[in-house]
Amino acid sequence: MSVEKKAHAASGWVMLFVTIAGYVMSVLLMIVSFVLMGEAVHRGMSPLLMLLLSIVLFTASIICSCGFFTLQPGQARVCVLFGKYVGTVRDEGLRWANPFYAKSLGSTGSAEATTIEASGTGTKVNLGGHKHVAKISTRARTYTGDRIKVNDKMGNPIEIATVIVWHVADTAKAVFDVDDYESYVEMITETALRHVASLYAYDHMEDDDAKATTITLRTNIEEVSEALKSELSRKLQIAGVEVDDARLTHLAYAQEIAQAMLRRQQAEAIIAARKKIVEGAVGMVDMALSQLSEGGVVEFDDDRKAVMASNLMVVLCGDSEAQPVVNTGTLYQ
């Protein structure tokens with residue numbers, strides 16, 4: 001695996017002055033050589049030698065002009081000399097380096113990128129042909145993945161999508177160890193998301209997890225996002241990419257089971273609400289009977305307590321308002 005090495009590039013302003021001086025000197029020498037050729041007697045340097053020197057100086061100035069480049073904050077240039085990796089320049093501003101450093105790093109594929117569409121997923125896969133430039137960005141980037149259909153831990157089909165924030169940490173790995181690091185990030189993001197989604201259930205199943213302590217996709221977003229980030233960081237190390245953050249942007253049951261799961265959730269909500277109502281009603285009945293007995297308002301035997309408790313439970317747990325019936329006789333009529 002490649003490892004990034006730091007390279008130093010000279011200040012471009014100093015070399016700019018030297019290059020301009022070289023152009024000026026070459027033009028002056030050329031003019032002087034033409035003037036001396038017209039004279040019969042020559043003193044000092046031969047005009048032909050002076051003309052040759054001006055041509056050499058002009059050619060050297062042109063070559064030196066090819067060594068200038070600029071880097072903005074968050075950019076780096078990978079320096080490759082005749083196929084050998086020399087280092088990476090991260091110094092911003094106007095810089096000058098060896099003019100023979102490659103301006104582009106070529107590609108192992110054809111001139112145009114060839115893509116295919118993965119069966120059933122709609123994802124386009126790059127088969128090569130990406131032409132790397134020597135200057136690459138090290139700024140933070142975002143990649144928003146498409147919605148994909150996967151099976152959770154319980155085998156239920158779900159739709160899920162993610163967004164990740166990443167940046168190039170090692171330029172040598174990004175350029176030399178993978179053919180196209182951007183396409184590599186996209187493909188690894190999808191595979192990592194599928195793997196993480198299959199490790200957790202969408203939601204707590206009452207029969208399997210009555211205490212609701214296990215991690216699920218819906219209720220433990222932070223834990224799932226951290227697991228996804230760890231998975232991406234591990235797999236993207238080969239490309240010199242560091243993942244800053246990973247979050248789920250969409251999570252839902254697939255359409256074919258969405259209605260059934262919605263009814264299940266509604267049933268669970270109704271059961272939970274009924275359970276809460278019954279617990280509260282039992283407490284209120286106990287409090288009412290205790291206060292009536294302690295205050296001496298009514299003397300209750302077992303039968304009267306049962307009737308009172310039954311009536312109060314009906315009033316407190318009923319869906320509609322209770323319609324009272326006034327008993328004008330005794331309790332047992």
# chains A, B, ... in the order shown; residues from 1 in each chain; ligands from 1
$ select_by_dssp --residues "stretch 63-296 of chain A" --states "strand (DSSP E)" --output "JSON, numbers by chain"
{"A": [68, 69, 70, 71, 75, 76, 77, 78, 79, 80, 81, 84, 85, 86, 87, 88, 89, 93, 94, 95, 96, 104, 105, 106, 115, 116, 117, 124, 125, 126, 132, 133, 135, 136, 137, 141, 142, 143, 144, 148, 149, 150, 151, 157, 158, 159, 160, 161, 162, 163, 164, 165, 166, 167, 168, 241, 242, 243, 244, 245, 246, 247, 248, 249, 250, 251, 252, 253]}
$ closest_residue --among "A:Gln255, A:Thr19, A:Asn156, A:Gln291" --to "A:Ala60" --atoms "only C-alpha atoms"
A:Thr19
$ atom_distance --atom1 "atom CA of A:Gly145" --atom2 "atom CA of A:Asp245"
13.7 Å
$ residues_around --residues "A:Glu279" --least-positions-apart "5" --cutoff "12 Å" --atoms "only C-alpha atoms" --output "compact mmCIF listing (two decimals) with C-alpha atoms, in the first residue's frame"
# COMPACT_ATOMS: atom_id res chain seq x y z
CA ALA A 272 -50.24 0.00 25.61
CA ALA A 273 -52.93 2.67 26.04
CA ARG A 274 -55.41 0.15 27.46
CA MET A 284 -58.49 5.11 41.41
CA VAL A 285 -60.94 2.37 42.47
CA ASP A 286 -58.71 1.35 45.35
CA MET A 313 -64.03 0.12 36.24
CA LEU A 316 -63.15 4.66 33.97
CA CYS A 317 -62.24 2.16 31.24
$ closest_atom_pairs --of "stretch 61-111 of chain A" --to "stretch 8-11 of chain A" --cutoff "9 Å" --atoms "only C-alpha atoms" --output "CSV"
residue,atom,partner,partner_atom,distance
A:Gly87,CA,A:His8,CA,8.2
A:Thr88,CA,A:His8,CA,7.9
A:Val89,CA,A:His8,CA,5.9
A:Arg90,CA,A:His8,CA,8.2
A:Asp91,CA,A:Ala9,CA,7.5
A:Gly93,CA,A:Ser11,CA,8.3
A:Leu94,CA,A:Ser11,CA,6.5
A:Arg95,CA,A:Ser11,CA,4.9
A:Trp96,CA,A:Ala10,CA,5.2
A:Ala97,CA,A:Ala9,CA,5.2
A:Asn98,CA,A:Ala9,CA,8.5
$ residues_around --residues "A:His167" --least-positions-apart "5" --cutoff "12 Å" --atoms "only C-alpha atoms" --output "list of chain:residue names"
A:Gly74, A:Gln75, A:Ile136, A:Ser137, A:Thr138, A:Arg139, A:Ala140, A:Arg141, A:Thr142, A:Tyr143, A:Ala174, A:Tyr181, A:Glu182, A:Val185, A:Ser233, A:Leu236, A:Gln237, A:Ala239, A:Gly240, A:Val241, A:Glu242, A:Val243, A:Asp244, A:Asp245
$ atom_distance --atom1 "atom CA of A:Ser61" --atom2 "atom CA of A:Tyr101"
16.3 Å
$ select_by_dssp --residues "stretch 67-295 of chain A" --states "helix (DSSP H, G or I)" --output "ChimeraX atom specification"
/A:171-177,181-197,221-239,255-294
$ write_last_selection --atoms "C-alpha atoms" --output "PDB file, in the first residue's frame"
ATOM      1  CA  THR A 171      -3.531  11.375  -1.177  1.00  0.00           C
ATOM      2  CA  ALA A 172      -1.120   8.600  -2.174  1.00  0.00           C
ATOM      3  CA  LYS A 173      -3.599   5.847  -1.274  1.00  0.00           C
ATOM      4  CA  ALA A 174      -6.470   7.699  -2.915  1.00  0.00           C
ATOM      5  CA  VAL A 175      -4.625   8.070  -6.220  1.00  0.00           C
ATOM      6  CA  PHE A 176      -2.485   4.924  -6.463  1.00  0.00           C
ATOM      7  CA  ASP A 177      -4.231   2.183  -4.444  1.00  0.00           C
ATOM      8  CA  TYR A 181     -11.597   6.794  -5.096  1.00  0.00           C
ATOM      9  CA  GLU A 182     -14.871   8.695  -5.558  1.00  0.00           C
ATOM     10  CA  SER A 183     -16.624   5.711  -7.156  1.00  0.00           C
ATOM     11  CA  TYR A 184     -15.019   3.500  -4.530  1.00  0.00           C
ATOM     12  CA  VAL A 185     -16.576   5.605  -1.754  1.00  0.00           C
ATOM     13  CA  GLU A 186     -20.008   5.348  -3.377  1.00  0.00           C
ATOM     14  CA  MET A 187     -19.863   1.578  -3.763  1.00  0.00           C
ATOM     15  CA  ILE A 188     -18.458   0.907  -0.286  1.00  0.00           C
ATOM     16  CA  THR A 189     -21.133   3.160   1.244  1.00  0.00           C
ATOM     17  CA  GLU A 190     -23.892   1.027  -0.243  1.00  0.00           C
ATOM     18  CA  THR A 191     -22.331  -2.286   0.774  1.00  0.00           C
ATOM     19  CA  ALA A 192     -21.603  -1.062   4.308  1.00  0.00           C
ATOM     20  CA  LEU A 193     -25.164   0.217   4.683  1.00  0.00           C
ATOM     21  CA  ARG A 194     -26.564  -3.141   3.582  1.00  0.00           C
ATOM     22  CA  HIS A 195     -24.318  -4.962   6.043  1.00  0.00           C
ATOM     23  CA  VAL A 196     -25.172  -2.724   9.015  1.00  0.00           C
ATOM     24  CA  ALA A 197     -28.902  -2.795   8.268  1.00  0.00           C
ATOM     25  CA  ILE A 221     -30.255   6.073  15.565  1.00  0.00           C
ATOM     26  CA  GLU A 222     -27.043   7.215  17.267  1.00  0.00           C
ATOM     27  CA  GLU A 223     -25.745   3.688  17.864  1.00  0.00           C
ATOM     28  CA  VAL A 224     -26.592   2.569  14.324  1.00  0.00           C
ATOM     29  CA  SER A 225     -24.937   5.661  12.830  1.00  0.00           C
ATOM     30  CA  GLU A 226     -21.798   5.030  14.874  1.00  0.00           C
ATOM     31  CA  ALA A 227     -21.708   1.410  13.722  1.00  0.00           C
ATOM     32  CA  LEU A 228     -22.088   2.542  10.100  1.00  0.00           C
ATOM     33  CA  LYS A 229     -19.289   5.082  10.527  1.00  0.00           C
ATOM     34  CA  SER A 230     -16.963   2.446  11.986  1.00  0.00           C
ATOM     35  CA  GLU A 231     -17.745   0.041   9.137  1.00  0.00           C
ATOM     36  CA  LEU A 232     -17.085   2.711   6.509  1.00  0.00           C
ATOM     37  CA  SER A 233     -13.855   3.876   8.168  1.00  0.00           C
ATOM     38  CA  ARG A 234     -12.520   0.331   8.215  1.00  0.00           C
ATOM     39  CA  LYS A 235     -13.311  -0.358   4.566  1.00  0.00           C
ATOM     40  CA  LEU A 236     -12.250   3.044   3.196  1.00  0.00           C
ATOM     41  CA  GLN A 237      -8.783   2.993   4.755  1.00  0.00           C
ATOM     42  CA  ILE A 238      -7.427   1.338   1.622  1.00  0.00           C
ATOM     43  CA  ALA A 239      -8.446   4.422  -0.389  1.00  0.00           C
ATOM     44  CA  GLN A 255     -44.303  -1.014   0.556  1.00  0.00           C
ATOM     45  CA  GLU A 256     -45.293  -4.672   0.454  1.00  0.00           C
ATOM     46  CA  ILE A 257     -45.402  -4.955   4.260  1.00  0.00           C
ATOM     47  CA  ALA A 258     -45.926  -1.328   5.258  1.00  0.00           C
ATOM     48  CA  GLN A 259     -49.694  -1.687   5.777  1.00  0.00           C
ATOM     49  CA  ALA A 260     -49.356  -4.864   7.840  1.00  0.00           C
ATOM     50  CA  MET A 261     -46.654  -3.322  10.027  1.00  0.00           C
ATOM     51  CA  LEU A 262     -48.748  -0.184  10.460  1.00  0.00           C
ATOM     52  CA  ARG A 263     -51.646  -2.252  11.753  1.00  0.00           C
ATOM     53  CA  ARG A 264     -49.299  -4.061  14.124  1.00  0.00           C
ATOM     54  CA  GLN A 265     -47.971  -0.765  15.452  1.00  0.00           C
ATOM     55  CA  GLN A 266     -51.520   0.525  15.893  1.00  0.00           C
ATOM     56  CA  ALA A 267     -52.467  -2.628  17.791  1.00  0.00           C
ATOM     57  CA  GLU A 268     -49.412  -2.277  20.042  1.00  0.00           C
ATOM     58  CA  ALA A 269     -50.321   1.356  20.683  1.00  0.00           C
ATOM     59  CA  ILE A 270     -53.906   0.438  21.596  1.00  0.00           C
ATOM     60  CA  ILE A 271     -52.712  -2.328  23.929  1.00  0.00           C
ATOM     61  CA  ALA A 272     -50.240   0.002  25.613  1.00  0.00           C
ATOM     62  CA  ALA A 273     -52.928   2.667  26.039  1.00  0.00           C
ATOM     63  CA  ARG A 274     -55.415   0.151  27.461  1.00  0.00           C
ATOM     64  CA  LYS A 275     -52.807  -1.149  29.862  1.00  0.00           C
ATOM     65  CA  LYS A 276     -52.145   2.372  31.105  1.00  0.00           C
ATOM     66  CA  ILE A 277     -55.864   3.068  31.481  1.00  0.00           C
ATOM     67  CA  VAL A 278     -56.440  -0.164  33.454  1.00  0.00           C
ATOM     68  CA  GLU A 279     -53.503   0.543  35.763  1.00  0.00           C
ATOM     69  CA  GLY A 280     -54.846   4.027  36.471  1.00  0.00           C
ATOM     70  CA  ALA A 281     -58.421   2.787  36.948  1.00  0.00           C
ATOM     71  CA  VAL A 282     -57.363   0.129  39.459  1.00  0.00           C
ATOM     72  CA  GLY A 283     -55.525   2.756  41.474  1.00  0.00           C
ATOM     73  CA  MET A 284     -58.487   5.109  41.406  1.00  0.00           C
ATOM     74  CA  VAL A 285     -60.938   2.372  42.467  1.00  0.00           C
ATOM     75  CA  ASP A 286     -58.711   1.350  45.352  1.00  0.00           C
ATOM     76  CA  MET A 287     -58.368   4.969  46.452  1.00  0.00           C
ATOM     77  CA  ALA A 288     -62.139   5.573  46.237  1.00  0.00           C
ATOM     78  CA  LEU A 289     -63.058   2.482  48.260  1.00  0.00           C
ATOM     79  CA  SER A 290     -60.391   3.213  50.864  1.00  0.00           C
ATOM     80  CA  GLN A 291     -61.471   6.817  51.393  1.00  0.00           C
ATOM     81  CA  LEU A 292     -65.189   5.925  51.576  1.00  0.00           C
ATOM     82  CA  SER A 293     -64.502   3.208  54.123  1.00  0.00           C
ATOM     83  CA  GLU A 294     -62.097   5.227  56.245  1.00  0.00           C
TER      84      GLU A 294
END
$ atom_distance --atom1 "atom CA of A:Ile148" --atom2 "atom CA of A:Ala161"
6.4 Å
$ closest_residue --among "A:Lys103, A:Met37, A:Phe17, A:Asn220" --to "A:Arg77" --atoms "only C-alpha atoms"
A:Lys103
$ residues_around --residues "A:Ser54" --least-positions-apart "3" --cutoff "12 Å" --atoms "only C-alpha atoms" --output "compact mmCIF listing (two decimals) with N, CA and C atoms, in the first residue's frame"
# COMPACT_ATOMS: atom_id res chain seq x y z
N GLY A 22 14.84 35.51 -17.33
CA GLY A 22 15.36 34.63 -18.38
C GLY A 22 14.79 34.98 -19.75
N TYR A 23 13.47 35.29 -19.82
CA TYR A 23 12.86 35.70 -21.09
C TYR A 23 13.48 37.00 -21.60
N VAL A 24 13.66 37.95 -20.67
CA VAL A 24 14.21 39.26 -21.08
C VAL A 24 15.64 39.10 -21.58
N MET A 25 16.44 38.33 -20.84
CA MET A 25 17.83 38.15 -21.24
C MET A 25 17.94 37.42 -22.58
N SER A 26 17.10 36.43 -22.81
CA SER A 26 17.16 35.70 -24.07
C SER A 26 16.79 36.60 -25.25
N VAL A 27 15.80 37.45 -25.07
CA VAL A 27 15.40 38.36 -26.15
C VAL A 27 16.50 39.37 -26.43
N LEU A 28 17.12 39.92 -25.36
CA LEU A 28 18.21 40.90 -25.56
C LEU A 28 19.40 40.26 -26.26
N LEU A 29 19.76 39.05 -25.83
CA LEU A 29 20.88 38.37 -26.49
C LEU A 29 20.58 38.09 -27.96
N MET A 30 19.36 37.75 -28.25
CA MET A 30 18.99 37.48 -29.64
C MET A 30 19.07 38.75 -30.48
N ILE A 31 18.61 39.87 -29.94
CA ILE A 31 18.67 41.14 -30.68
C ILE A 31 20.12 41.55 -30.90
N VAL A 32 20.95 41.45 -29.84
CA VAL A 32 22.36 41.83 -29.97
C VAL A 32 23.07 40.95 -30.98
N SER A 33 22.74 39.66 -30.98
CA SER A 33 23.40 38.75 -31.93
C SER A 33 23.05 39.11 -33.37
N PHE A 34 21.80 39.50 -33.63
CA PHE A 34 21.41 39.90 -34.98
C PHE A 34 22.11 41.19 -35.39
N PRO A 47 28.69 36.20 -32.59
CA PRO A 47 27.24 36.37 -32.71
C PRO A 47 26.50 35.02 -32.77
N LEU A 48 27.08 34.04 -33.43
CA LEU A 48 26.43 32.74 -33.50
C LEU A 48 26.34 32.09 -32.12
N LEU A 49 27.43 32.23 -31.35
CA LEU A 49 27.41 31.68 -30.00
C LEU A 49 26.41 32.41 -29.13
N MET A 50 26.34 33.73 -29.33
CA MET A 50 25.37 34.52 -28.57
C MET A 50 23.94 34.14 -28.95
N LEU A 51 23.68 33.89 -30.25
CA LEU A 51 22.36 33.48 -30.70
C LEU A 51 21.99 32.11 -30.12
N LEU A 57 18.62 29.80 -23.52
CA LEU A 57 18.02 30.51 -22.39
C LEU A 57 16.51 30.66 -22.55
N PHE A 58 16.05 30.90 -23.77
CA PHE A 58 14.62 31.03 -24.03
C PHE A 58 13.90 29.68 -23.81
N THR A 59 14.56 28.61 -24.29
CA THR A 59 13.98 27.27 -24.10
C THR A 59 13.90 26.91 -22.62
N ALA A 60 14.97 27.25 -21.87
CA ALA A 60 14.96 26.96 -20.43
C ALA A 60 13.88 27.75 -19.71
N SER A 61 13.63 28.98 -20.15
CA SER A 61 12.57 29.80 -19.55
C SER A 61 11.20 29.20 -19.81
$ closest_residue --among "A:Val14, A:His204, A:Ser104, A:Val163" --to "A:Arg247" --atoms "only C-alpha atoms"
A:Val163
$ closest_residue --among "A:Ala76, A:Leu81, A:Val178, A:Met15" --to "A:Ser2" --atoms "only C-alpha atoms"
A:Val178
